[in-house]
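Visitor: My questions will all concern the structure given below.
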Amino acid sequence: MILAGDIGGTKTVLALLARSPDGLTNSIKEQSYPSDGFLNFDDILDDFLPLGTTLTSACFGIAGPVVNQYCQMTNLSWSLDAAKLKIKLGTDRVRLLNDLEAMAVGMLHLPEHDLVELNPNATAQSGNIAVIAAGTGLGEAILYWDGEKYQPIATEGGHCDFAPQNLQQDKLLAYLRTLFPDHVSSERVISGIGFSHLYDFLCSDGFAPPCPDVPDIAGSIDRNAVISQLGVTGKDPLCTEAVRLFVELYGAEAGNLALKSLAIGGVFIGGGIGPKILPAIKSGIFLQAFSAKGRYLPLLDKVSIKISLNERTPLIGAINFFAV
């Protein structure tokens, strides 16, 4: 019996499975919980696990940095300690992964119908793989190819400096510095809240009149979702440009990560935003920005770039971690 989990600030999903000798898994139970409805992770475990369950392993992908198998979550008061979980769960095979690390492992186990190739020039190559995911934040991870199998490496690359590439982006950086004078990271624009930042920048820069259908940022309606939806459908020029700029920045950062990890084995795009704006990502803007790295354009032009349509990818990674 194996236990796997995808632990986020909004929801926690746990899965209990039986693994057969041939490596196949059969789902016994899977359940989703509102994370903020529980004081700590142990309370969810107590509710989820049937009495008398004997586990052989447990792996959890967590939205936060994992250091020495301990994680203080970024957007929740929970802390998880693998040493304590080993005692509680009765097994020494307990592993805590950063959520992007878990997602990276999960990408290796997705069927082809869950993936969309963005690069028509992609050439199959062996080597490292980069994983990038825009959602509530911007996550980045690496799958290091050791010659025999992939080893996941967690990063906090989404918090690195935002680097503009043209005049419009120069103006964007100057605008963002008024909001975040201490540090402007890529996550400020390549994430859910990024749509609002880009929309407000374009308003202030006079690109087009404000859209009457976009609510105030303090309202109860998801402003970022409205901007992205109107932008993808082309119903408002300001929202359309915000989505175009978002995709351009997303592609550029994916290219940065590919160079830093020498990801000739490919790039996977995860997170909840990609599938929702898929027509904009497939338009060619993402790919052009991804490859626009001067002398390294020929190398990046052949890199496979696949976007995942499966929201369970981090959980799939946690399920398969000990089998990798």
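Identifiers in this document derive from the order of the structure tokens: chains are assigned A, B, ..., residues are numbered from 1 separately in each chain, and ligands are numbered from 1 in order of occurrence.
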Quick one: DSSP strand (DSSP E or B) residues in region 176-269 of chain A, as a count of residues only?

Guide: 5

Visitor: Near Asp43 (chain A), counting only C-alpha atoms, which residues have an atom at most 12 Å away, once you skip same-chain residues fewer than 5 positions from it, shown as a list in words?

Guide: Thr12, Tyr33, Pro34, Ser35, Asp36, Gly37, Phe38, Phe48, Leu49, Trp78 and Lys88 of chain A

Visitor: Could you list, with a cut-off of 10 Å and counting only C-alpha atoms, the residues of region 124-173 of chain A near region 254-266 of chain A, each shown with its nearest atom pair and the distance in Å rounded to one decimal, rows sorted by chain and ascending number, as JSON lines?

Guide:
```
{"residue": "A:Ala124", "atom": "CA", "partner": "A:Gly265", "partner_atom": "CA", "distance": 7.2}
{"residue": "A:Gln125", "atom": "CA", "partner": "A:Gly265", "partner_atom": "CA", "distance": 5.2}
{"residue": "A:Ser126", "atom": "CA", "partner": "A:Gly265", "partner_atom": "CA", "distance": 5.0}
{"residue": "A:Gly127", "atom": "CA", "partner": "A:Gly265", "partner_atom": "CA", "distance": 4.3}
{"residue": "A:Asn128", "atom": "CA", "partner": "A:Ala263", "partner_atom": "CA", "distance": 4.5}
{"residue": "A:Ile129", "atom": "CA", "partner": "A:Ala263", "partner_atom": "CA", "distance": 4.6}
{"residue": "A:Ala130", "atom": "CA", "partner": "A:Ala263", "partner_atom": "CA", "distance": 5.6}
{"residue": "A:Val131", "atom": "CA", "partner": "A:Leu257", "partner_atom": "CA", "distance": 8.3}
{"residue": "A:Ile132", "atom": "CA", "partner": "A:Ala254", "partner_atom": "CA", "distance": 6.6}
{"residue": "A:Ala133", "atom": "CA", "partner": "A:Ala254", "partner_atom": "CA", "distance": 9.3}
{"residue": "A:Glu140", "atom": "CA", "partner": "A:Leu257", "partner_atom": "CA", "distance": 7.9}
{"residue": "A:Ala141", "atom": "CA", "partner": "A:Leu257", "partner_atom": "CA", "distance": 8.7}
{"residue": "A:Ile142", "atom": "CA", "partner": "A:Ser261", "partner_atom": "CA", "distance": 6.9}
{"residue": "A:Leu143", "atom": "CA", "partner": "A:Ala263", "partner_atom": "CA", "distance": 8.6}
{"residue": "A:Tyr144", "atom": "CA", "partner": "A:Ser261", "partner_atom": "CA", "distance": 8.3}
{"residue": "A:Trp145", "atom": "CA", "partner": "A:Gly265", "partner_atom": "CA", "distance": 8.5}
{"residue": "A:Gly157", "atom": "CA", "partner": "A:Leu257", "partner_atom": "CA", "distance": 8.1}
{"residue": "A:Gly158", "atom": "CA", "partner": "A:Leu257", "partner_atom": "CA", "distance": 9.7}
```

Visitor: Restrict the calculation to only C-alpha atoms, then for each residue of region 15-46 of chain A with any atom at most 10 Å from an atom of region 52-76 of chain A give the closest atom pair and their distance in Å to one decimal, rows by chain and rising residue number, as JSON lines.

Guide:
```
{"residue": "A:Ala15", "atom": "CA", "partner": "A:Ala58", "partner_atom": "CA", "distance": 9.9}
{"residue": "A:Leu16", "atom": "CA", "partner": "A:Leu55", "partner_atom": "CA", "distance": 9.2}
{"residue": "A:Leu17", "atom": "CA", "partner": "A:Leu55", "partner_atom": "CA", "distance": 9.6}
{"residue": "A:Ala18", "atom": "CA", "partner": "A:Leu55", "partner_atom": "CA", "distance": 9.4}
{"residue": "A:Arg19", "atom": "CA", "partner": "A:Thr56", "partner_atom": "CA", "distance": 9.6}
{"residue": "A:Ser35", "atom": "CA", "partner": "A:Leu76", "partner_atom": "CA", "distance": 8.1}
{"residue": "A:Asp36", "atom": "CA", "partner": "A:Leu76", "partner_atom": "CA", "distance": 7.5}
{"residue": "A:Leu39", "atom": "CA", "partner": "A:Leu76", "partner_atom": "CA", "distance": 9.7}
{"residue": "A:Asn40", "atom": "CA", "partner": "A:Leu76", "partner_atom": "CA", "distance": 9.4}
```

Visitor: Could you turn the residues from that selection into a file that holds all heavy atoms, as a PDB file, in the first residue's frame?

Guide:
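Result file is part-v5.pdb:
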```
ATOM      1  N   ALA A  15      -4.182  10.171  -2.056  1.00  0.00           N
ATOM      2  CA  ALA A  15      -4.530   8.941  -2.760  1.00  0.00           C
ATOM      3  C   ALA A  15      -3.887   7.760  -2.057  1.00  0.00           C
ATOM      4  O   ALA A  15      -2.714   7.816  -1.673  1.00  0.00           O
ATOM      5  CB  ALA A  15      -4.065   9.007  -4.214  1.00  0.00           C
ATOM      6  N   LEU A  16      -4.655   6.708  -1.879  1.00  0.00           N
ATOM      7  CA  LEU A  16      -4.171   5.450  -1.304  1.00  0.00           C
ATOM      8  C   LEU A  16      -4.261   4.397  -2.397  1.00  0.00           C
ATOM      9  O   LEU A  16      -5.317   4.214  -3.014  1.00  0.00           O
ATOM     10  CB  LEU A  16      -5.023   5.048  -0.096  1.00  0.00           C
ATOM     11  CG  LEU A  16      -4.606   3.786   0.661  1.00  0.00           C
ATOM     12  CD1 LEU A  16      -3.250   3.986   1.317  1.00  0.00           C
ATOM     13  CD2 LEU A  16      -5.661   3.438   1.717  1.00  0.00           C
ATOM     14  N   LEU A  17      -3.144   3.736  -2.647  1.00  0.00           N
ATOM     15  CA  LEU A  17      -3.095   2.780  -3.749  1.00  0.00           C
ATOM     16  C   LEU A  17      -2.403   1.494  -3.326  1.00  0.00           C
ATOM     17  O   LEU A  17      -1.595   1.479  -2.390  1.00  0.00           O
ATOM     18  CB  LEU A  17      -2.345   3.373  -4.951  1.00  0.00           C
ATOM     19  CG  LEU A  17      -2.817   4.734  -5.471  1.00  0.00           C
ATOM     20  CD1 LEU A  17      -1.935   5.837  -4.931  1.00  0.00           C
ATOM     21  CD2 LEU A  17      -2.842   4.766  -6.985  1.00  0.00           C
ATOM     22  N   ALA A  18      -2.721   0.427  -4.036  1.00  0.00           N
ATOM     23  CA  ALA A  18      -2.044  -0.858  -3.849  1.00  0.00           C
ATOM     24  C   ALA A  18      -1.161  -1.087  -5.060  1.00  0.00           C
ATOM     25  O   ALA A  18      -1.631  -1.021  -6.197  1.00  0.00           O
ATOM     26  CB  ALA A  18      -3.062  -1.981  -3.698  1.00  0.00           C
ATOM     27  N   ARG A  19       0.123  -1.352  -4.820  1.00  0.00           N
ATOM     28  CA  ARG A  19       1.052  -1.610  -5.923  1.00  0.00           C
ATOM     29  C   ARG A  19       1.320  -3.103  -6.019  1.00  0.00           C
ATOM     30  O   ARG A  19       1.699  -3.751  -5.038  1.00  0.00           O
ATOM     31  CB  ARG A  19       2.368  -0.851  -5.731  1.00  0.00           C
ATOM     32  CG  ARG A  19       3.266  -0.891  -6.979  1.00  0.00           C
ATOM     33  CD  ARG A  19       4.620  -0.233  -6.733  1.00  0.00           C
ATOM     34  NE  ARG A  19       4.529   1.163  -6.392  1.00  0.00           N
ATOM     35  CZ  ARG A  19       4.376   2.155  -7.270  1.00  0.00           C
ATOM     36  NH1 ARG A  19       4.261   1.870  -8.554  1.00  0.00           N
ATOM     37  NH2 ARG A  19       4.318   3.404  -6.881  1.00  0.00           N
ATOM     38  N   SER A  35      -7.657  22.826   2.286  1.00  0.00           N
ATOM     39  CA  SER A  35      -6.518  22.873   3.216  1.00  0.00           C
ATOM     40  C   SER A  35      -6.771  23.782   4.409  1.00  0.00           C
ATOM     41  O   SER A  35      -6.405  23.460   5.547  1.00  0.00           O
ATOM     42  CB  SER A  35      -5.263  23.327   2.466  1.00  0.00           C
ATOM     43  OG  SER A  35      -4.932  22.427   1.438  1.00  0.00           O
ATOM     44  N   ASP A  36      -7.415  24.924   4.165  1.00  0.00           N
ATOM     45  CA  ASP A  36      -7.610  25.867   5.267  1.00  0.00           C
ATOM     46  C   ASP A  36      -8.713  25.432   6.230  1.00  0.00           C
ATOM     47  O   ASP A  36      -8.981  26.108   7.221  1.00  0.00           O
ATOM     48  CB  ASP A  36      -7.900  27.273   4.737  1.00  0.00           C
ATOM     49  CG  ASP A  36      -9.145  27.338   3.855  1.00  0.00           C
ATOM     50  OD1 ASP A  36      -9.834  26.298   3.706  1.00  0.00           O
ATOM     51  OD2 ASP A  36      -9.430  28.419   3.316  1.00  0.00           O
ATOM     52  N   LEU A  39      -6.390  22.378  10.900  1.00  0.00           N
ATOM     53  CA  LEU A  39      -5.318  23.054  11.631  1.00  0.00           C
ATOM     54  C   LEU A  39      -3.945  22.585  11.184  1.00  0.00           C
ATOM     55  O   LEU A  39      -2.980  23.352  11.192  1.00  0.00           O
ATOM     56  CB  LEU A  39      -5.477  22.834  13.143  1.00  0.00           C
ATOM     57  CG  LEU A  39      -6.680  23.527  13.802  1.00  0.00           C
ATOM     58  CD1 LEU A  39      -6.765  23.143  15.276  1.00  0.00           C
ATOM     59  CD2 LEU A  39      -6.563  25.050  13.654  1.00  0.00           C
ATOM     60  N   ASN A  40      -3.840  21.311  10.807  1.00  0.00           N
ATOM     61  CA  ASN A  40      -2.555  20.770  10.388  1.00  0.00           C
ATOM     62  C   ASN A  40      -2.779  19.573   9.463  1.00  0.00           C
ATOM     63  O   ASN A  40      -3.899  19.067   9.324  1.00  0.00           O
ATOM     64  CB  ASN A  40      -1.694  20.383  11.596  1.00  0.00           C
ATOM     65  CG  ASN A  40      -2.428  19.460  12.555  1.00  0.00           C
ATOM     66  OD1 ASN A  40      -2.829  18.364  12.166  1.00  0.00           O
ATOM     67  ND2 ASN A  40      -2.609  19.898  13.799  1.00  0.00           N
TER      68      ASN A  40
END
```

Visitor: From the set A:Val189, A:Pro237, A:Ala102, A:Leu45, which residue has the shortest atom-to-atom contact distance to Leu85 (chain A), counting only C-alpha atoms?

Guide: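 The closest residue to Leu85 (chain A) is A:Leu45.
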
Visitor: Counting only C-alpha atoms, what are the residues of region 146-234 of chain A within 12 Å of region 104-108 of chain A, and for each of them which pair of atoms is the nearest and at what distance in Å, to one decimal? Sort the table by chain and rising number, as CSV.

Guide:
```
residue,atom,partner,partner_atom,distance
A:Lys149,CA,A:Leu108,CA,10.6
A:Tyr150,CA,A:Val105,CA,8.3
A:Gln151,CA,A:Val105,CA,8.4
A:Pro152,CA,A:Val105,CA,6.6
A:Ile153,CA,A:Ala104,CA,8.6
A:Ala154,CA,A:Ala104,CA,9.0
A:Thr155,CA,A:Ala104,CA,11.3
```

Visitor: Please produce a file of those selected residues containing N, CA, C and O atoms, as an mmCIF file, in the first residue's frame.

Guide:
```cif
data_model
loop_
_atom_site.group_PDB
_atom_site.id
_atom_site.type_symbol
_atom_site.label_atom_id
_atom_site.label_comp_id
_atom_site.auth_asym_id
_atom_site.auth_seq_id
_atom_site.Cartn_x
_atom_site.Cartn_y
_atom_site.Cartn_z
ATOM 1 N N LYS A 149 18.471 7.249 -15.854
ATOM 2 C CA LYS A 149 17.131 7.661 -15.456
ATOM 3 C C LYS A 149 17.143 9.135 -15.071
ATOM 4 O O LYS A 149 18.204 9.761 -14.944
ATOM 5 N N TYR A 150 15.941 9.673 -14.868
ATOM 6 C CA TYR A 150 15.811 11.084 -14.506
ATOM 7 C C TYR A 150 15.777 11.269 -12.996
ATOM 8 O O TYR A 150 15.133 10.496 -12.274
ATOM 9 N N GLN A 151 16.493 12.288 -12.532
ATOM 10 C CA GLN A 151 16.507 12.667 -11.126
ATOM 11 C C GLN A 151 15.884 14.050 -10.984
ATOM 12 O O GLN A 151 16.358 15.016 -11.599
ATOM 13 N N PRO A 152 14.794 14.200 -10.213
ATOM 14 C CA PRO A 152 14.154 15.516 -10.078
ATOM 15 C C PRO A 152 14.956 16.463 -9.193
ATOM 16 O O PRO A 152 15.524 16.052 -8.174
ATOM 17 N N ILE A 153 15.012 17.707 -9.610
ATOM 18 C CA ILE A 153 15.702 18.750 -8.852
ATOM 19 C C ILE A 153 14.739 19.911 -8.648
ATOM 20 O O ILE A 153 14.229 20.481 -9.620
ATOM 21 N N ALA A 154 14.492 20.262 -7.416
ATOM 22 C CA ALA A 154 13.620 21.397 -7.113
ATOM 23 C C ALA A 154 14.378 22.704 -7.278
ATOM 24 O O ALA A 154 15.600 22.764 -7.093
ATOM 25 N N THR A 155 13.672 23.764 -7.630
ATOM 26 C CA THR A 155 14.264 25.099 -7.688
ATOM 27 C C THR A 155 13.236 26.106 -7.160
ATOM 28 O O THR A 155 12.067 25.774 -6.979
#
```

Visitor: Taking the DSSP assignment computed from this structure's backbone, write out as a PyMOL selection string all residues of region 148-264 of chain A that belong to alpha helix (DSSP H).

Guide: chain A and resi 167-179+194-204+223-233+237-261

Visitor: When distances are computed from only C-alpha atoms, which of A:Leu297, A:Leu89, A:Leu179, A:Ala242 shows the smallest separation from Cys203 (chain A)?

Guide: A:Ala242

Visitor: Name all residues at most 9 Å from Lys171 (chain A) (count only C-alpha atoms; drop same-chain ones fewer than 5 positions away) and give them as a PyMOL selection string.

Guide: chain A and resi 164+166+176+201+205

Visitor: Hey, can you spit out that residue selection with N, CA and C atoms as a PDB file, in the first residue's frame?

Guide:
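File produced: result_4.pdb:
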```
ATOM      1  N   PRO A 164      13.563  42.275 -18.806  1.00  0.00           N
ATOM      2  CA  PRO A 164      12.861  42.725 -20.009  1.00  0.00           C
ATOM      3  C   PRO A 164      13.704  42.508 -21.264  1.00  0.00           C
ATOM      4  N   ASN A 166      12.511  43.966 -24.537  1.00  0.00           N
ATOM      5  CA  ASN A 166      12.222  44.967 -25.570  1.00  0.00           C
ATOM      6  C   ASN A 166      11.743  46.246 -24.887  1.00  0.00           C
ATOM      7  N   LEU A 176       6.533  48.074 -12.710  1.00  0.00           N
ATOM      8  CA  LEU A 176       6.505  47.097 -11.617  1.00  0.00           C
ATOM      9  C   LEU A 176       7.365  47.535 -10.439  1.00  0.00           C
ATOM     10  N   PHE A 201      -0.714  47.823 -16.142  1.00  0.00           N
ATOM     11  CA  PHE A 201       0.420  48.485 -16.816  1.00  0.00           C
ATOM     12  C   PHE A 201       0.001  49.034 -18.165  1.00  0.00           C
ATOM     13  N   ASP A 205      -0.043  52.869 -19.479  1.00  0.00           N
ATOM     14  CA  ASP A 205       0.791  53.215 -20.628  1.00  0.00           C
ATOM     15  C   ASP A 205      -0.047  53.730 -21.799  1.00  0.00           C
TER      16      ASP A 205
END
```

Visitor: Can you measure CA of Gly231 (chain A) to CA of Phe195 (chain A) for me? One decimal in Å is fine.

Guide: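 Between these atoms lies a distance of 9.8 Å.
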
Visitor: Neighbours of Pro210 (chain A) within 10 Å (only C-alpha atoms; same-chain residues fewer than 5 positions away dropped), as a list in words?

Guide: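 Those residues are Tyr199, Asp200, Leu202, Cys203, Ser204, Asp236, Pro237, Leu238 and Cys239 of chain A.
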
Visitor: Which polymer residues have any atom within 9 Å of an atom of Asp213 (chain A), counting only C-alpha atoms, with same-chain residues fewer than 5 positions away left out, as a CSV table (one decimal) with all heavy atoms, in the first residue's frame?

Guide:
```csv
chain,number,residue,atom,x,y,z
A,226,VAL,N,-11.1,36.9,-15.6
A,226,VAL,CA,-11.9,37.7,-16.6
A,226,VAL,C,-11.0,38.3,-17.6
A,226,VAL,O,-11.3,38.2,-18.9
A,226,VAL,CB,-12.6,38.9,-15.9
A,226,VAL,CG1,-13.3,39.8,-16.9
A,226,VAL,CG2,-13.7,38.3,-14.9
A,227,ILE,N,-9.8,38.8,-17.2
A,227,ILE,CA,-8.9,39.4,-18.2
A,227,ILE,C,-8.4,38.3,-19.1
A,227,ILE,O,-8.3,38.6,-20.4
A,227,ILE,CB,-7.7,40.0,-17.4
A,227,ILE,CG1,-8.1,41.3,-16.6
A,227,ILE,CG2,-6.6,40.4,-18.4
A,227,ILE,CD1,-7.1,41.8,-15.6
A,230,LEU,N,-11.3,37.2,-21.6
A,230,LEU,CA,-11.5,38.2,-22.6
A,230,LEU,C,-10.4,38.4,-23.6
A,230,LEU,O,-10.6,38.6,-24.8
A,230,LEU,CB,-11.8,39.6,-22.0
A,230,LEU,CG,-13.1,39.7,-21.2
A,230,LEU,CD1,-13.2,41.0,-20.4
A,230,LEU,CD2,-14.3,39.6,-22.1
```

Visitor: With a distance cut-off of 7 Å and only C-alpha atoms, select the neighbouring residues of Ile273 (chain A), excluding the residue or stretch itself and same-chain residues fewer than 4 positions from it, and output the selection as number ranges by chain.

Guide: A: 134-135, 277

Visitor: Just want the 9 Å neighbourhood of Cys160 (chain A), counted on only C-alpha atoms, with same-chain residues fewer than 3 positions away dropped. Output as a PyMOL selection string.

Guide: chain A and resi 156-157+184-187
